[in-house]
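To start, the structure under review is shown below, and the notes come after it.
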Amino acid sequence: GIQVEQSPPDLILQEGANSTLRCNFSDSVNNLQWFHQNPWGQLINLFYIPSGTKQNGRLSATTVATERYSLLYISSSQTTDSGVYFCAVYTSGTYKYIFGTGTRLKVLA
Amino acid sequence: GAVVSQHPSWVICKSGTSVKIECRSLDFQATTMFWYRQFPKQSLMLMATSNEGSKATYEQGVEKDKFLINHASLTLSTLTVTSAHPEDSSFYICSATRGGNFNQPQHFGDGTRLSIL
């Protein structure tokens, strides 16, 4: 089945720093989502981005489907950005979503 | 819009008890819902795909008789952990897409923390 790898696995930043999180997938996908899981376990939908670039405030995401990767950019990070970031991909042949391995982010004040 | 409600949020019970978790789409119809399990510091693992009016599709390695899924309406899916044991303790979370359309984003409930003593 499709493999979804995220990097880096862990990231520690000072407040105000910028970062790039990567999601690589091993096969073609029909859609891709980025999520932030907060310390209480809630999954916050950040982007639905099967291709192209989207921006929402300090966050932006780019998916290059032909090269099988997606990037999540966090600018001017804040302590509330701490948590785990997941990408999840859907392939029409499987009719299901597969989650990536996750990036655990800690932003220090 | 696209709110998914999951209850209960926390359950602590004795070994051997059966526990039911509900997942409701509050403002949209969800032909398909998904059930995930997450162990501490790990990613979400898909357990099963729940289809309204038909049997659920379970992932390899997930015991159908242990994790009973019912999707009786377009807004409600339930996961019952039967005769739960300590190894079933985990974080369970559901998701739904509008009308079962996979070209729509997933929307997640807030999850259920299950602790079996």
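Residue numbering restarts at 1 in every chain; chains get A, B, ... in the order shown in the structure tokens, and ligands count up from 1 in that same order.
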
* Name all residues at most 9 Å from segment 43-60 of chain A (count only C-alpha atoms; drop same-chain ones fewer than 3 positions away) and give them as JSON, numbers by chain. => {"A": [29, 30, 31, 32, 33, 34, 35, 36, 37, 38, 63, 64, 65, 70, 71, 72, 73, 74, 75, 76, 77, 89], "B": [104, 105, 106, 107, 108, 109, 110, 111]}

Mind writing the picked residues with N, CA and C atoms as a short mmCIF file (atom, residue, chain, number, x, y, z; two decimals), in the first residue's frame?
data_model
loop_
_atom_site.label_atom_id
_atom_site.label_comp_id
_atom_site.auth_asym_id
_atom_site.auth_seq_id
_atom_site.Cartn_x
_atom_site.Cartn_y
_atom_site.Cartn_z
N VAL A 29 -2.07 10.38 -5.50
CA VAL A 29 -3.17 10.58 -4.57
C VAL A 29 -4.22 11.48 -5.19
N ASN A 30 -5.43 11.35 -4.71
CA ASN A 30 -6.53 12.17 -5.21
C ASN A 30 -6.78 13.40 -4.34
N ASN A 31 -6.52 13.27 -3.04
CA ASN A 31 -6.53 14.46 -2.23
C ASN A 31 -5.60 14.33 -1.05
N LEU A 32 -5.31 15.46 -0.43
CA LEU A 32 -4.36 15.52 0.67
C LEU A 32 -4.82 16.57 1.66
N GLN A 33 -4.74 16.26 2.93
CA GLN A 33 -5.09 17.21 3.97
C GLN A 33 -3.94 17.33 4.96
N TRP A 34 -3.80 18.53 5.53
CA TRP A 34 -2.90 18.78 6.64
C TRP A 34 -3.73 19.04 7.89
N PHE A 35 -3.29 18.44 9.00
CA PHE A 35 -3.98 18.60 10.28
C PHE A 35 -2.98 19.00 11.37
N HIS A 36 -3.50 19.71 12.37
CA HIS A 36 -2.75 19.98 13.58
C HIS A 36 -3.49 19.27 14.72
N GLN A 37 -2.76 18.40 15.42
CA GLN A 37 -3.36 17.75 16.58
C GLN A 37 -2.87 18.46 17.84
N ASN A 38 -3.80 19.07 18.55
CA ASN A 38 -3.41 19.84 19.73
C ASN A 38 -3.18 18.90 20.93
N THR A 63 1.29 21.57 -2.54
CA THR A 63 1.35 20.16 -2.93
C THR A 63 1.78 20.07 -4.38
N VAL A 64 2.84 19.29 -4.62
CA VAL A 64 3.29 19.00 -5.98
C VAL A 64 2.97 17.53 -6.22
N ALA A 65 1.76 17.30 -6.76
CA ALA A 65 1.27 15.92 -6.87
C ALA A 65 2.14 15.08 -7.79
N SER A 70 4.20 17.19 -0.35
CA SER A 70 3.50 18.40 0.06
C SER A 70 4.32 19.06 1.17
N LEU A 71 4.26 20.37 1.23
CA LEU A 71 4.99 21.14 2.23
C LEU A 71 4.02 22.02 3.01
N LEU A 72 4.25 22.10 4.30
CA LEU A 72 3.49 23.01 5.16
C LEU A 72 4.47 24.03 5.73
N TYR A 73 4.19 25.32 5.50
CA TYR A 73 5.04 26.39 5.99
C TYR A 73 4.37 27.06 7.19
N ILE A 74 5.15 27.23 8.23
CA ILE A 74 4.67 27.97 9.41
C ILE A 74 5.59 29.16 9.58
N SER A 75 5.03 30.35 9.52
CA SER A 75 5.86 31.55 9.71
C SER A 75 5.54 32.18 11.07
N SER A 76 6.55 32.88 11.60
CA SER A 76 6.40 33.59 12.87
C SER A 76 5.70 32.69 13.91
N SER A 77 6.31 31.56 14.18
CA SER A 77 5.66 30.55 15.02
C SER A 77 5.33 31.08 16.42
N VAL A 89 -3.50 11.31 3.13
CA VAL A 89 -3.74 11.24 1.70
C VAL A 89 -4.85 10.25 1.39
N GLN B 104 -14.02 15.62 -0.95
CA GLN B 104 -14.30 16.61 0.08
C GLN B 104 -13.37 16.32 1.25
N PRO B 105 -13.02 17.34 2.05
CA PRO B 105 -12.15 17.09 3.20
C PRO B 105 -12.83 16.26 4.27
N GLN B 106 -12.02 15.58 5.06
CA GLN B 106 -12.50 14.88 6.24
C GLN B 106 -12.72 15.88 7.37
N HIS B 107 -13.74 15.60 8.18
CA HIS B 107 -13.99 16.40 9.38
C HIS B 107 -14.02 15.43 10.56
N PHE B 108 -13.26 15.78 11.61
CA PHE B 108 -13.06 14.86 12.71
C PHE B 108 -13.86 15.24 13.95
N GLY B 109 -14.27 14.20 14.69
CA GLY B 109 -14.77 14.41 16.03
C GLY B 109 -13.60 14.71 16.95
N ASP B 110 -13.90 14.98 18.22
CA ASP B 110 -12.85 15.33 19.17
C ASP B 110 -12.18 14.12 19.81
N GLY B 111 -12.65 12.90 19.48
CA GLY B 111 -12.01 11.70 19.98
C GLY B 111 -12.54 11.23 21.31
#

Each residue of chain B with at least one atom at most 12 Å from chain A should appear once, together with its nearest atom pair and the corresponding distance in Å (one decimal); atoms considered: only C-alpha atoms; ordering: chain, then increasing residue number; output as CSV.
residue,atom,partner,partner_atom,distance
B:Ala2,CA,A:Asn45,CA,11.1
B:Val3,CA,A:Asn45,CA,11.6
B:Val4,CA,A:Leu43,CA,11.3
B:Ser5,CA,A:Gln42,CA,11.6
B:Gln6,CA,A:Gln42,CA,11.1
B:Ser9,CA,A:Gly41,CA,10.4
B:Trp10,CA,A:Trp40,CA,11.5
B:Thr32,CA,A:Lys96,CA,10.1
B:Met33,CA,A:Lys96,CA,10.1
B:Phe34,CA,A:Lys96,CA,8.3
B:Trp35,CA,A:Tyr97,CA,10.7
B:Tyr36,CA,A:Phe99,CA,10.1
B:Arg37,CA,A:Phe99,CA,11.4
B:Gln38,CA,A:Gly41,CA,9.6
B:Phe39,CA,A:Gly41,CA,11.1
B:Pro40,CA,A:Gly41,CA,10.2
B:Lys41,CA,A:Arg104,CA,8.9
B:Gln42,CA,A:Thr101,CA,7.4
B:Ser43,CA,A:Thr101,CA,5.6
B:Leu44,CA,A:Phe99,CA,6.2
B:Met45,CA,A:Phe99,CA,7.2
B:Leu46,CA,A:Ile98,CA,7.3
B:Met47,CA,A:Lys96,CA,10.5
B:Ala48,CA,A:Lys96,CA,9.1
B:Thr49,CA,A:Lys96,CA,7.5
B:Ser50,CA,A:Lys96,CA,10.8
B:Asn51,CA,A:Tyr95,CA,11.5
B:Thr57,CA,A:Lys96,CA,10.2
B:Tyr58,CA,A:Lys96,CA,11.0
B:Glu59,CA,A:Lys96,CA,10.1
B:Gln60,CA,A:Gly1,CA,11.9
B:Ser90,CA,A:Gly41,CA,11.7
B:Phe91,CA,A:Gly41,CA,8.4
B:Tyr92,CA,A:Gly41,CA,10.0
B:Ile93,CA,A:Gln42,CA,9.0
B:Cys94,CA,A:Leu43,CA,10.4
B:Ser95,CA,A:Leu43,CA,9.9
B:Ala96,CA,A:Tyr97,CA,11.1
B:Thr97,CA,A:Tyr97,CA,11.1
B:Gly100,CA,A:Tyr95,CA,10.1
B:Asn101,CA,A:Tyr95,CA,10.0
B:Phe102,CA,A:Tyr90,CA,7.6
B:Asn103,CA,A:Asn31,CA,6.7
B:Gln104,CA,A:Tyr48,CA,8.2
B:Pro105,CA,A:Tyr48,CA,6.0
B:Gln106,CA,A:Asn45,CA,8.1
B:His107,CA,A:Asn45,CA,7.3
B:Phe108,CA,A:Leu43,CA,6.5
B:Gly109,CA,A:Gln42,CA,7.6
B:Asp110,CA,A:Gln42,CA,5.0
B:Gly111,CA,A:Gln42,CA,6.9
B:Thr112,CA,A:Gly41,CA,9.1
B:Arg113,CA,A:Gly41,CA,9.2

Could you save those same residues with C-alpha atoms as a PDB file, in the first residue's frame?
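Wrote it out as out39.pdb, contents follow:
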ATOM      1  CA  ALA B   2     -19.221  20.407   8.815  1.00  0.00           C
ATOM      2  CA  VAL B   3     -19.306  19.654  12.536  1.00  0.00           C
ATOM      3  CA  VAL B   4     -18.717  16.125  13.801  1.00  0.00           C
ATOM      4  CA  SER B   5     -19.652  15.311  17.380  1.00  0.00           C
ATOM      5  CA  GLN B   6     -18.157  12.325  19.191  1.00  0.00           C
ATOM      6  CA  SER B   9     -14.919  12.088  25.278  1.00  0.00           C
ATOM      7  CA  TRP B  10     -13.503   9.968  28.116  1.00  0.00           C
ATOM      8  CA  THR B  32     -19.211   7.237   4.885  1.00  0.00           C
ATOM      9  CA  MET B  33     -17.464   7.629   8.212  1.00  0.00           C
ATOM     10  CA  PHE B  34     -14.062   6.418   9.302  1.00  0.00           C
ATOM     11  CA  TRP B  35     -12.862   5.071  12.646  1.00  0.00           C
ATOM     12  CA  TYR B  36      -9.251   5.504  13.721  1.00  0.00           C
ATOM     13  CA  ARG B  37      -7.201   4.384  16.686  1.00  0.00           C
ATOM     14  CA  GLN B  38      -4.179   6.222  18.032  1.00  0.00           C
ATOM     15  CA  PHE B  39      -1.639   4.997  20.573  1.00  0.00           C
ATOM     16  CA  PRO B  40       0.484   7.513  22.510  1.00  0.00           C
ATOM     17  CA  LYS B  41       3.064   9.311  20.365  1.00  0.00           C
ATOM     18  CA  GLN B  42       1.957   7.433  17.243  1.00  0.00           C
ATOM     19  CA  SER B  43       0.030   8.298  14.115  1.00  0.00           C
ATOM     20  CA  LEU B  44      -3.621   7.557  13.451  1.00  0.00           C
ATOM     21  CA  MET B  45      -4.327   4.057  12.217  1.00  0.00           C
ATOM     22  CA  LEU B  46      -7.487   3.431  10.210  1.00  0.00           C
ATOM     23  CA  MET B  47      -9.553   0.684  11.811  1.00  0.00           C
ATOM     24  CA  ALA B  48     -12.580   0.559   9.543  1.00  0.00           C
ATOM     25  CA  THR B  49     -14.697   2.396   7.019  1.00  0.00           C
ATOM     26  CA  SER B  50     -18.329   2.694   8.040  1.00  0.00           C
ATOM     27  CA  ASN B  51     -20.921   2.821   5.258  1.00  0.00           C
ATOM     28  CA  THR B  57     -15.019  -2.538   5.859  1.00  0.00           C
ATOM     29  CA  TYR B  58     -12.338  -3.468   8.377  1.00  0.00           C
ATOM     30  CA  GLU B  59      -8.614  -3.025   7.949  1.00  0.00           C
ATOM     31  CA  GLN B  60      -6.357  -6.029   8.100  1.00  0.00           C
ATOM     32  CA  SER B  90      -6.418   3.880  23.394  1.00  0.00           C
ATOM     33  CA  PHE B  91      -7.623   7.101  21.766  1.00  0.00           C
ATOM     34  CA  TYR B  92     -10.423   6.453  19.256  1.00  0.00           C
ATOM     35  CA  ILE B  93     -11.451   9.127  16.764  1.00  0.00           C
ATOM     36  CA  CYS B  94     -13.959   9.246  13.936  1.00  0.00           C
ATOM     37  CA  SER B  95     -14.212  11.315  10.789  1.00  0.00           C
ATOM     38  CA  ALA B  96     -16.801  11.969   8.106  1.00  0.00           C
ATOM     39  CA  THR B  97     -16.977  13.465   4.647  1.00  0.00           C
ATOM     40  CA  GLY B 100     -19.365  10.207   1.328  1.00  0.00           C
ATOM     41  CA  ASN B 101     -17.620  12.224  -1.337  1.00  0.00           C
ATOM     42  CA  PHE B 102     -13.900  11.598  -1.133  1.00  0.00           C
ATOM     43  CA  ASN B 103     -13.143  14.767  -3.010  1.00  0.00           C
ATOM     44  CA  GLN B 104     -14.297  16.611   0.078  1.00  0.00           C
ATOM     45  CA  PRO B 105     -12.149  17.088   3.198  1.00  0.00           C
ATOM     46  CA  GLN B 106     -12.505  14.881   6.241  1.00  0.00           C
ATOM     47  CA  HIS B 107     -13.989  16.397   9.383  1.00  0.00           C
ATOM     48  CA  PHE B 108     -13.063  14.857  12.710  1.00  0.00           C
ATOM     49  CA  GLY B 109     -14.774  14.409  16.027  1.00  0.00           C
ATOM     50  CA  ASP B 110     -12.850  15.333  19.172  1.00  0.00           C
ATOM     51  CA  GLY B 111     -12.010  11.703  19.975  1.00  0.00           C
ATOM     52  CA  THR B 112     -12.669   9.336  22.865  1.00  0.00           C
ATOM     53  CA  ARG B 113     -10.030   8.337  25.407  1.00  0.00           C
TER      54      ARG B 113
END

* To do: From a DSSP pass on the backbone, collect the residues of chain B flagged as strand (DSSP E) and hand them back as a VMD selection string.
  => chain B and resid 4 to 7 10 to 13 19 to 25 32 to 38 44 to 51 57 to 58 67 to 73 76 to 81 90 to 96 107 to 108 112 to 116

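Between atom CA of His7 of chain B and atom CA of Leu105 of chain A lies a distance of 28.1 Å.
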
* Long-range neighbours of Gln78 of chain A as number ranges by chain, 12 Å cut-off, only C-alpha atoms, 6 positions minimum in chain -> A: 12-19, 58-59, 105-109

* Filtered DSSP result for chain B, state helix (DSSP H, G or I), as a PyMOL selection string -> chain B and resi 86-88+98-100
